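Structure record follows, encoded as structure tokens.
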Amino acid sequence: MIRLPSAPLPAPCPGTLSVLSYNLLAPCYVRVPGQFWNAYPHAQDAWLDWDGRQGLIVAQVLAMDADVVCLQEVVFEERSGAWCLPTWMDAFQAAGYVGLLPGLKEKEWNSFANRNERVLGTRVCTGVAVWYKQERFEPTRPALTGNRSLTVFLTEKGAIPTTGTPPSYAIITVHLEGNQELHEKQVLQIQSVLKKLPAPFGGHVVLCGDFNSECQAGGPLAQAIRAQRWVELAEAPTGPSWAEPGLALRLDHVLHSPGLDVQAVLDMWEDRFSQIGLPNAECPSDHLPIAAVLRVKPLAVPAISE
């Protein structure tokens, strides 16, 4: 397995899948009056400027050249009475990606927006989104919207030599409960997401995102993932992904079903981040992007069976 400190990810080939996960740090959650946990006292004002951060995020994501990009804390835009992906992400579409956002009802969007206006002082909706390369994949089922999650079903265009058939994937991005002491709520979120997977499902499963937990072996969340019966999942060995001065945590994860091998991981962590914190002049979010390059095993078994 290769550990990559920077972009780009390895070039795609039949039967491989590269997945990037990135919590963008929505500007509505930055330095909210009365909320000490998002004050970012170590960060200069320029590091938190949203216009500047957008450009850095676009450059980072496009440089990775991942097959699938899973994002958390996307700030959606309300246009003509509908909530849409933000216009600054048009750069992803221009690069050949197709974007998907949660399929919420109008009253659900408005409920989120009204809640944020009440709590944050800004009428916005935030959530998860998925972008995938149109030249490599096509959707095979409608996407599933869950509790701070989105599941996208994709099939690779073209068969792979080892099986003679195109591989299919269920790619799930999540943003779990932010209070790390609420383990039970995080467990329920994960269980709810995995329960929605269709069974039998003859494809491979990738679960990624901001877990707001280090998911340590023996911990409540790791035990719940291991014990649930819907699909067996193993974790790609990515590195720390969040930091403030004096503290570094591995909160973002990529998990995969048994029919996939990890060929490479993106690990942008540098020890100095535990001194200077995130975000900083180089990193536009309080999370680092993480990624895994996965390969379909020869004669791999389905992820889910009856």
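Chain lettering (A, B, ...) mirrors the order of the structure tokens, residue numbering begins at 1 for each chain separately, and ligand numbering begins at 1 in order of display.
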*Test item, helix (DSSP H, G or I) assignment across stretch 93-188 of chain A, answer as a ChimeraX atom specification*: /A:93-94,106-120,183-188
*Extract the full set of strand (DSSP E or B) residues from stretch 51-168 of chain A according to DSSP on the backbone, and format it as a PyMOL selection string.*
chain A and resi 68-79+82-84+97-100+125-133+137-146+149-156+168
*Quick one: of A:Ala291, A:Asp286, A:Ala199, A:His175, who's nearest to A:Glu235, counting only C-alpha atoms?*
A:Ala291
*What lies within 10 Å of A:Gly146 using only C-alpha atoms, ignoring chain neighbours under 6 positions off, as a list of chain:residue names?*
A:Pro102, A:Gly103, A:Leu104, A:Ile172, A:Thr173, A:Val174, A:Gln189, A:Ile190, A:Ser192, A:Val193, A:Leu194, A:Lys196
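If only C-alpha atoms are the atoms counted, then among A:Asp252, A:Glu232, A:Asp51, A:Glu108 the closest residue to A:Leu266 is A:Asp252.
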_Here is a test: counting only C-alpha atoms, which residue of A:Arg226, A:Lys297, A:Arg148, A:His287 is nearest to A:Ala26?_
A:His287
*asked:* Measuring between only C-alpha atoms, which one of A:Lys195, A:Arg272, A:Lys185, A:Lys157 shows the shortest distance to A:Phe137?
replied: A:Lys157
Using only C-alpha atoms, which protein or nucleic acid residues come within 8 Å of stretch 114-123 of chain A? Drop anything in the same chain fewer than 6 positions from it, and give the result as an mmCIF file with C-alpha atoms, in the first residue's frame.
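Wrote it out as out34.cif, contents follow:
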data_model
loop_
_atom_site.group_PDB
_atom_site.id
_atom_site.type_symbol
_atom_site.label_atom_id
_atom_site.label_comp_id
_atom_site.auth_asym_id
_atom_site.auth_seq_id
_atom_site.Cartn_x
_atom_site.Cartn_y
_atom_site.Cartn_z
ATOM 1 C CA CYS A 28 -21.787 29.836 9.071
ATOM 2 C CA TYR A 29 -20.081 27.715 11.753
ATOM 3 C CA VAL A 32 -20.494 32.476 15.860
#
*Give me the residues within 8 Å of A:Ile225 as number ranges by chain, counting only C-alpha atoms and dropping any in the same chain fewer than 2 places off.*
A: 187, 190-191, 221-223, 227-228, 233
Dump C-alpha atoms for the selected residues as a PDB file, in the first residue's frame?
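The file below, out.pdb, is the result:
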ATOM      1  CA  VAL A 187     -24.127   4.732  16.583  1.00  0.00           C
ATOM      2  CA  ILE A 190     -24.447   4.732  11.323  1.00  0.00           C
ATOM      3  CA  GLN A 191     -26.938   1.922  11.880  1.00  0.00           C
ATOM      4  CA  LEU A 221     -18.743   3.503  17.380  1.00  0.00           C
ATOM      5  CA  ALA A 222     -16.128   0.987  16.223  1.00  0.00           C
ATOM      6  CA  GLN A 223     -17.942  -1.794  18.086  1.00  0.00           C
ATOM      7  CA  ALA A 227     -21.319  -5.728  15.200  1.00  0.00           C
ATOM      8  CA  GLN A 228     -23.931  -4.540  12.709  1.00  0.00           C
ATOM      9  CA  LEU A 233     -16.486  -3.003   6.823  1.00  0.00           C
TER      10      LEU A 233
END
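Among the candidates A:Pro12, A:Leu188, A:Gly203, A:Ser213, the one nearest to A:Glu135 when counting only C-alpha atoms is A:Pro12.
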Using only C-alpha atoms, which protein or nucleic acid residues come within 10 Å of A:Ala66? Drop anything in the same chain fewer than 5 positions from it, and give the result as a PDB file with N, CA and C atoms, in the first residue's frame.
ATOM      1  N   ALA A   7      -1.395  15.524  -3.562  1.00  0.00           N
ATOM      2  CA  ALA A   7      -2.018  15.185  -4.842  1.00  0.00           C
ATOM      3  C   ALA A   7      -0.925  14.989  -5.894  1.00  0.00           C
ATOM      4  N   PRO A   8      -1.288  14.322  -7.014  1.00  0.00           N
ATOM      5  CA  PRO A   8      -2.587  13.719  -7.326  1.00  0.00           C
ATOM      6  C   PRO A   8      -2.649  12.278  -6.855  1.00  0.00           C
ATOM      7  N   LEU A   9      -3.877  11.738  -6.867  1.00  0.00           N
ATOM      8  CA  LEU A   9      -4.052  10.315  -6.619  1.00  0.00           C
ATOM      9  C   LEU A   9      -3.641   9.535  -7.864  1.00  0.00           C
ATOM     10  N   PRO A  10      -3.332   8.247  -7.726  1.00  0.00           N
ATOM     11  CA  PRO A  10      -2.936   7.457  -8.895  1.00  0.00           C
ATOM     12  C   PRO A  10      -3.995   7.483  -9.993  1.00  0.00           C
ATOM     13  N   ALA A  11      -3.548   7.425 -11.234  1.00  0.00           N
ATOM     14  CA  ALA A  11      -4.461   7.440 -12.380  1.00  0.00           C
ATOM     15  C   ALA A  11      -5.402   6.243 -12.313  1.00  0.00           C
ATOM     16  N   PRO A  12      -6.662   6.434 -12.694  1.00  0.00           N
ATOM     17  CA  PRO A  12      -7.622   5.332 -12.606  1.00  0.00           C
ATOM     18  C   PRO A  12      -7.355   4.244 -13.633  1.00  0.00           C
ATOM     19  N   LEU A  17     -11.140   2.384  -7.693  1.00  0.00           N
ATOM     20  CA  LEU A  17     -12.020   3.475  -7.294  1.00  0.00           C
ATOM     21  C   LEU A  17     -11.276   4.346  -6.300  1.00  0.00           C
ATOM     22  N   SER A  18     -11.144   5.632  -6.602  1.00  0.00           N
ATOM     23  CA  SER A  18     -10.538   6.570  -5.650  1.00  0.00           C
ATOM     24  C   SER A  18     -11.634   7.455  -5.067  1.00  0.00           C
ATOM     25  N   VAL A  19     -11.665   7.525  -3.739  1.00  0.00           N
ATOM     26  CA  VAL A  19     -12.702   8.265  -3.022  1.00  0.00           C
ATOM     27  C   VAL A  19     -12.038   9.295  -2.118  1.00  0.00           C
ATOM     28  N   LEU A  20     -12.444  10.541  -2.273  1.00  0.00           N
ATOM     29  CA  LEU A  20     -11.952  11.658  -1.463  1.00  0.00           C
ATOM     30  C   LEU A  20     -13.064  12.111  -0.529  1.00  0.00           C
ATOM     31  N   SER A  21     -12.740  12.323   0.737  1.00  0.00           N
ATOM     32  CA  SER A  21     -13.701  12.839   1.712  1.00  0.00           C
ATOM     33  C   SER A  21     -13.144  14.116   2.327  1.00  0.00           C
ATOM     34  N   VAL A  61      -9.283  19.996  -4.414  1.00  0.00           N
ATOM     35  CA  VAL A  61     -10.118  18.890  -4.888  1.00  0.00           C
ATOM     36  C   VAL A  61      -9.764  18.512  -6.319  1.00  0.00           C
ATOM     37  N   TYR A  97     -17.306  16.357 -13.454  1.00  0.00           N
ATOM     38  CA  TYR A  97     -18.013  15.718 -12.350  1.00  0.00           C
ATOM     39  C   TYR A  97     -19.517  15.996 -12.421  1.00  0.00           C
ATOM     40  N   TRP A 131     -19.838  14.200  -5.560  1.00  0.00           N
ATOM     41  CA  TRP A 131     -19.508  14.438  -6.963  1.00  0.00           C
ATOM     42  C   TRP A 131     -18.802  13.202  -7.508  1.00  0.00           C
ATOM     43  N   TYR A 132     -19.182  12.776  -8.703  1.00  0.00           N
ATOM     44  CA  TYR A 132     -18.516  11.623  -9.313  1.00  0.00           C
ATOM     45  C   TYR A 132     -18.169  11.928 -10.767  1.00  0.00           C
ATOM     46  N   LYS A 133     -17.143  11.247 -11.269  1.00  0.00           N
ATOM     47  CA  LYS A 133     -16.685  11.453 -12.643  1.00  0.00           C
ATOM     48  C   LYS A 133     -17.639  10.777 -13.631  1.00  0.00           C
ATOM     49  N   ALA A 291      -8.287  10.443   1.541  1.00  0.00           N
ATOM     50  CA  ALA A 291      -8.698   9.682   0.361  1.00  0.00           C
ATOM     51  C   ALA A 291      -8.128   8.281   0.421  1.00  0.00           C
ATOM     52  N   ALA A 292      -8.794   7.387  -0.283  1.00  0.00           N
ATOM     53  CA  ALA A 292      -8.318   6.014  -0.439  1.00  0.00           C
ATOM     54  C   ALA A 292      -8.526   5.577  -1.876  1.00  0.00           C
ATOM     55  N   VAL A 293      -7.547   4.845  -2.391  1.00  0.00           N
ATOM     56  CA  VAL A 293      -7.663   4.220  -3.707  1.00  0.00           C
ATOM     57  C   VAL A 293      -7.913   2.740  -3.469  1.00  0.00           C
TER      58      VAL A 293
END
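Atom CA of A:Ala129 is positioned 8.6 Å from atom CA of A:Glu73.
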*asked:* I want to know what sits within 9 Å of A:Glu214, based on only C-alpha atoms, with residues of the same chain fewer than 2 positions away left out; could you give that as a PyMOL selection string?
replied: chain A and resi 211-212+216+219+221-222+240+249-253
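Among the candidates A:Ala170, A:Leu25, A:Thr163, A:Ile2, the one nearest to A:Tyr40 when counting only C-alpha atoms is A:Leu25.
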*Would you work out the distance separating atom CA of A:Leu207 from atom CA of A:Gln60, expressed in Å to one decimal?*
21.4 Å
